[in-house]
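Everything on this sheet refers to the single structure shown next.
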Number of protein chains: 2
Amino acid sequence: MENRQQEFVTHITPREEDFSQWYTDVILKTDLVDYAPVKGCMVIKPYGYGIWENIQRELDTRFKATGHKNAYFPLFIPETLLRKEAEHVEGFAPEVAWVTRGGSEELAEPLVVRPTSETIICAMYAKWIQSYRDLPVLYNQWCNVVRWEKSTRPFLRTSEFLWQEGHTVHATEEEAQEETLKMLGVYKEFAENVLAIPVVTGQKTEKEKFAGALKTYTMEAMMQDGKALQAGTSHNLGQHFSKVFDIQFLDRDGQLKYGWQTSWGVSTRLIGAIIMVHGDERGLVLPPKVAPIQVIIVPIAIHKEGVVDKAREVYQKIAAAGIRVELDDRDTQSPGWKFNEWELKGVPLRLEIGPRDIENNQVVLVRRDNFEKKFVPMDNMIQAIQDLLVEVHDGVYQKALKMRENYTSVARDFDEFKEIMKEKEGFVKAMWCGARECEDNIKAETGATSRCIPFEQEHLADNCVYCGKPAKHMVYFAKAY
Amino acid sequence: MENRQQEFVTHITPREEDFSQWYTDVILKTDLVDYAPVKGCMVIKPYGYGIWENIQRELDTRFKATGHKNAYFPLFIPETLLRKEAEHVEGFAPEVAWVTRGGSEELAEPLVVRPTSETIICAMYAKWIQSYRDLPVLYNQWCNVVRWEKSTRPFLRTSEFLWQEGHTVHATEEEAQEETLKMLGVYKEFAENVLAIPVVTGQKTEKEKFAGALKTYTMEAMMQDGKALQAGTSHNLGQHFSKVFDIQFLDRDGQLKYGWQTSWGVSTRLIGAIIMVHGDERGLVLPPKVAPIQVIIVPIAIHKEGVVDKAREVYQKIAAAGIRVELDDRDTQSPGWKFNEWELKGVPLRLEIGPRDIENNQVVLVRRDNFEKKFVPMDNMIQAIQDLLVEVHDGVYQKALKMRENYTSVARDFDEFKEIMKEKEGFVKAMWCGARECEDNIKAETGATSRCIPFEQEHLADNCVYCGKPAKHMVYFAKAY
């Protein structure tokens with residue numbers, strides 16, 4: 001028994017040894033995902049897709065509560081549409097997949113497999129929007145998108161991925177800006193309260209903004225290897241697209257005006273963030289609100305009379321309370337083996353029940369995040385589980401916050417900056433003059449890119465960390481996925 | 001006022017005059033869908049997508065209750081995979097979209113945009129399945145698929161559509177057959193109890209079965225123009241795919257065996273069925289269980305004191321009961337105009353509330369299907385709405401059943417068959433010898449195809465309706481979408 005447990009655990013490469021290999025071990029061994037026989041594509045297996053379904057449900061509820069409706073736009077975009085917005089096509093053309101043949105015919109005009117849907121959606125909006133009465137348009141779509149990536153990793157960067165993209169049109173610049181920030185706020189609240197991932201929010205620099213946007217806002221999360229991950233973006237598109245797609249409306253004042261637009265999205269990349277923020281030496285640690293299984297029941301001494309029956313009774317009670325629960329009643333594996341397996345899979349709570357527990361009319365609850373064990377009277381079981389799920393959420397959030405704080409440094413000059421990036425990585429807060437050249441040089445010399453100009457500004461120094469000219473903003477820099 | 005109502009209603013072509021134009025008028029004027037700037041593709045607008053979300057939720061619950069889990073497989077399938085199963089590639093190759101370029105590179109091997117996912121899923125199953133302990137595999141995916149169609153109609157046949165495809169693997173032939181029929185049963189129960197569409201279920205002939213299947217089962221619905229619509233199919237794939245993809249497992253008896261497979265799917269085509277089965281001269285009639293709006297509140301004398309407040313209060317109560325309700329409090333349109341609009345959009349129940357109703361502490365409820373009006377005391381409102389939604393469901397189901405019965409005829413000889421297809425169309429029940437040639441000839445001479453060999457067989461005659469040789473089965477024939 002002990003040997004098997006030992007063997008089981010050592011399947012995962014330690015994080016300190018090779019974080020990238022740890023990530024690969026975890027995603028494959030927990031059945032989240034598998035590599036597809038198509039370059040750069042992944043198969044999302046049921047355990048991984050279950051996380052995505054929970055993410056979808058939580059976000060979709062929030063989108064609807066803020067007045068958005070779902071729609072569905074075509075997968076294919078005619079080349080001419082993609083080419084309408086100059087910056088947009090420049091940003092996306094190098095990484096799109098092209099459909100050039102339908103059935104046995106060569107297409108007169110090649111089609112792009114959507115890398116994002118601004119262009120096809122704007123073409124429709126131009127048709128639908130005539131009057132201020134048609135505004136705001138607040139639509140979202142859940143779909144797959146394709147970006148022909150050279151170097152890929154499951155969840156983090158794949159040629160095809162799943163996401164949602166919100167696309168809105170407003171009568172005024174102010175409303176569009178308000179929407180852009182509102183949805184970034186929805187993302188932040190979701191990341192923190194559902195995924196238990198603390199995020200820094202702020203604006204992207206000109207260099208890092210979305211191709212075609214006026215302003216891009218982002219939420220950035222810190223991973224356990226000191227690298228940042230862009231976890232969601234919200235774009236104020238201004239009138240860039242409405243002018244080239246001719247989205248005009250007759251306003252209250254009788255004037256014909258161009259609409260003000262936003263777009264915003266998060267993707268299956270969030271699953272990568274969950275893994276890299278919360279995982280530990282035993283595998284996944286899933287935040288309870290998106291865990292496909294919140295409670296796993298492992299019967300002890302399963303062959304003893306009454307144990308399986310009691311375990312099933314407990315299962316029924318927990319399931320009836322709306323908690324996502326499973327019973328591992330396999331008689332081919334020992335409890336110890338099962339403990340390992342479900343720890344590997346990151347189930348937030350383990351419930352053990354054996355002959356002695358039945359005698360004492362209790363169950364044993366063990367937290368995945370800190371392995372704390374609690375003996376709970378049967379009559380109080382549901383409440384105890386609900387409380388513990390909240391505690392696990394808070395526990396992993398606090399742990400992630402502490403990790404990020406440890407990975408957040410201040411650089412007052414460029415030597416300090418380089419030192420941090422060499423020794424420790426993580427976020428570096430530093431002052432910046434606003435010049436693209438300094439961003440480029442910082443990247444070339446340290447590998448760090450500007451992640452965002454955070455809303456919460458601090459005055460660390462008067463001058464740019466790179467060039468020494470007067471500083472405009474404090475910026476978060478980091479190496480990033 | 002009267003004039004405006006008149007004008008509004010006449011926007012729709014009468015069904016009797018031109019059913020196809022009626023369909024087009026209805027889908028466009030109710031904002032279900034729009035044509036996309038890509039040949040054969042559609043945009044599903046929020047009102048149409050709302051129906052699809054309800055279909056998804058209802059079906060997904062049923063799939064999970066029968067032990068299935070969702071997963072996600074790649075959009076792209078390498079050409080070599082598609083070519084592995086001979087019948088399958090022959091059936092699908094002529095209608096696939098080909099990706100030949102990624103970024104600026106020509107691909108070494110062209111990729112097919114999935115027309116269905118058997119091949120890519122089988123490639124993964126071959127990797128995942130080793131032992132009888134891995135079986136059954138019961139996976140489903142919700143996704144988009146592409147079939148390069150020459151002639152398209154929104155919802156009924158489009159180059160891209162949304163669907164679900166279940167793909168299962170079993171240890172025995174019996175289990176696979178059981179699964180195939182179980183899922184057809186789930187579809188039938190769903191069609192009747194959720195969509196209020198009666199369906200005939202049975203087996204497809206060899207000619208009409210899915211490319212690569214051993215046996216295909218189908219549910220067939222009758223539209224108001226006398227044409228049938230294949231509304232969902234469930235395939236017993238036998239070992240056709242497992243043998244070419246090498247899906248083998250070590251069985252309990254120590255033998256290496258090929259898995260037995262099924263696949264089954266329904267699509268956004270179901271929305272087309274809803275429209276063509278239930279719609280009437282005023283527009284859509286939506287079955288309550290999938291209607292995006294189940295109750296529309298129209299305040300009467302909206303400018304009178306207290307009316308809007310009361311309408312809002314009523315709205316809150318109904319929404320709190322979990323009923324999908326909207327309040328039309330626009331002051332730019334008359335109640336009559338609103339009645340027309342919401343009838344056009346097929347909302348199952350209209351709730352009117354005006355000064356006199358407030359005085360009498362009542363609301364007025366009007367059914368969309370038969371325009372019956374009921375005065376209901378405020379205290380009993382929720383119960384009355386819930387009861388009426390059930391009654392509307394039953395009402396539209398019975399109406400559809402009667403329509404189908406009127407469109408179901410028996411042909412004992414081929415003259416009778418031709419006469420029915422000329423005069424009336426609809427389903428023709430007739431005996432068949434089992435020969436492909438007779439099917440081909442019947443189609444050539446009448447336009448009718450064999451829809452299915454129904455489970456409920458009747459002995460109408462001894463001989464084939466076409467060739468006169470001994471009959472093997474009773475078959476449903478019809479012209480079909």
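By order in the structure tokens, chains are A, B, ...; within a chain, residues start at 1; ligands start at 1, following the order shown.
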message: Show me, as a ChimeraX atom specification, every residue of chain A with an atom at most 7 Å from chain B, counting only C-alpha atoms.
response: /A:38,41-46,49,69-74,77-78,93-104,148
task: Find the spatial neighbours of B:Val347, counting only C-alpha atoms, within a cut-off of 9 Å - ignore same-chain residues fewer than 6 positions away - and output them as a list in words.
output: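 Result of the neighbour search: Leu284, Val285, Leu286, Pro287, Pro288, Ala291, Pro292, Ile293, Gln294, Val295, Ile296, Arg367 and Arg368 of chain B.
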For the selection just defined, write its residues with C-alpha atoms to a file, as an mmCIF file, in the first residue's frame.
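Saved to selection.cif:
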```
data_model
loop_
_atom_site.group_PDB
_atom_site.id
_atom_site.type_symbol
_atom_site.label_atom_id
_atom_site.label_comp_id
_atom_site.auth_asym_id
_atom_site.auth_seq_id
_atom_site.Cartn_x
_atom_site.Cartn_y
_atom_site.Cartn_z
ATOM 1 C CA LEU B 284 -44.632 32.299 -34.365
ATOM 2 C CA VAL B 285 -46.313 30.137 -31.745
ATOM 3 C CA LEU B 286 -43.619 29.056 -29.313
ATOM 4 C CA PRO B 287 -43.992 26.033 -27.051
ATOM 5 C CA PRO B 288 -43.787 27.433 -23.486
ATOM 6 C CA ALA B 291 -40.007 30.261 -25.356
ATOM 7 C CA PRO B 292 -37.404 32.907 -24.390
ATOM 8 C CA ILE B 293 -40.318 34.950 -23.041
ATOM 9 C CA GLN B 294 -43.163 32.903 -21.575
ATOM 10 C CA VAL B 295 -45.291 35.816 -20.414
ATOM 11 C CA ILE B 296 -45.376 39.323 -21.852
ATOM 12 C CA ARG B 367 -53.304 32.417 -24.684
ATOM 13 C CA ARG B 368 -51.310 32.747 -27.893
#
```
Pick from B:Gly67, B:Gly226, B:Gly283, B:Pro198 nearest to B:Met421, counting only C-alpha atoms: B:Gly226
- prompt: Once the least-squares fit of chain A onto chain B is done over all Cα atoms matched in order, how many Å of RMSD are left?
  reply: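 The RMSD between chain A and chain B over C-alpha atoms is 0.0 Å.
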- request: Please report, as a PyMOL selection string, each residue of stretch 84-142 of chain B to which DSSP assigns alpha helix (DSSP H) when run on this structure's backbone.
  value: chain B and resi 86-92+118-128
Those selected residues, please, written with N, CA and C atoms and delivered as a compact mmCIF listing (two decimals), in the first residue's frame.
```txt
# COMPACT_ATOMS: atom_id res chain seq x y z
N ALA B 86 -14.29 4.33 -45.15
CA ALA B 86 -14.57 4.51 -46.58
C ALA B 86 -15.95 5.13 -46.86
N GLU B 87 -17.00 4.58 -46.27
CA GLU B 87 -18.34 5.12 -46.52
C GLU B 87 -18.48 6.53 -45.99
N HIS B 88 -17.84 6.75 -44.83
CA HIS B 88 -17.92 8.04 -44.16
C HIS B 88 -17.34 9.14 -45.04
N VAL B 89 -16.15 8.92 -45.57
CA VAL B 89 -15.52 9.95 -46.40
C VAL B 89 -16.30 10.17 -47.69
N GLU B 90 -16.84 9.07 -48.23
CA GLU B 90 -17.62 9.20 -49.45
C GLU B 90 -18.86 10.08 -49.20
N GLY B 91 -19.45 9.91 -48.02
CA GLY B 91 -20.64 10.69 -47.69
C GLY B 91 -20.34 12.15 -47.42
N PHE B 92 -19.19 12.42 -46.80
CA PHE B 92 -18.95 13.79 -46.34
C PHE B 92 -17.97 14.62 -47.17
N GLU B 118 -17.01 12.06 -35.73
CA GLU B 118 -16.66 10.64 -35.50
C GLU B 118 -15.16 10.40 -35.62
N THR B 119 -14.55 10.90 -36.71
CA THR B 119 -13.16 10.52 -36.99
C THR B 119 -12.18 11.07 -35.96
N ILE B 120 -12.30 12.35 -35.62
CA ILE B 120 -11.35 12.92 -34.66
C ILE B 120 -11.59 12.32 -33.27
N ILE B 121 -12.83 12.04 -32.95
CA ILE B 121 -13.14 11.47 -31.63
C ILE B 121 -12.64 10.02 -31.55
N CYS B 122 -12.82 9.28 -32.64
CA CYS B 122 -12.32 7.90 -32.64
C CYS B 122 -10.80 7.85 -32.50
N ALA B 123 -10.12 8.79 -33.10
CA ALA B 123 -8.66 8.83 -32.98
C ALA B 123 -8.26 8.98 -31.51
N MET B 124 -9.03 9.76 -30.75
CA MET B 124 -8.74 9.94 -29.32
C MET B 124 -9.17 8.71 -28.51
N TYR B 125 -10.33 8.18 -28.85
CA TYR B 125 -10.83 7.01 -28.10
C TYR B 125 -9.83 5.84 -28.21
N ALA B 126 -9.21 5.71 -29.40
CA ALA B 126 -8.24 4.63 -29.59
C ALA B 126 -7.10 4.76 -28.58
N LYS B 127 -6.78 6.00 -28.22
CA LYS B 127 -5.70 6.26 -27.29
C LYS B 127 -6.15 6.05 -25.84
N TRP B 128 -7.40 6.38 -25.56
CA TRP B 128 -7.88 6.40 -24.18
C TRP B 128 -8.39 5.04 -23.68
```
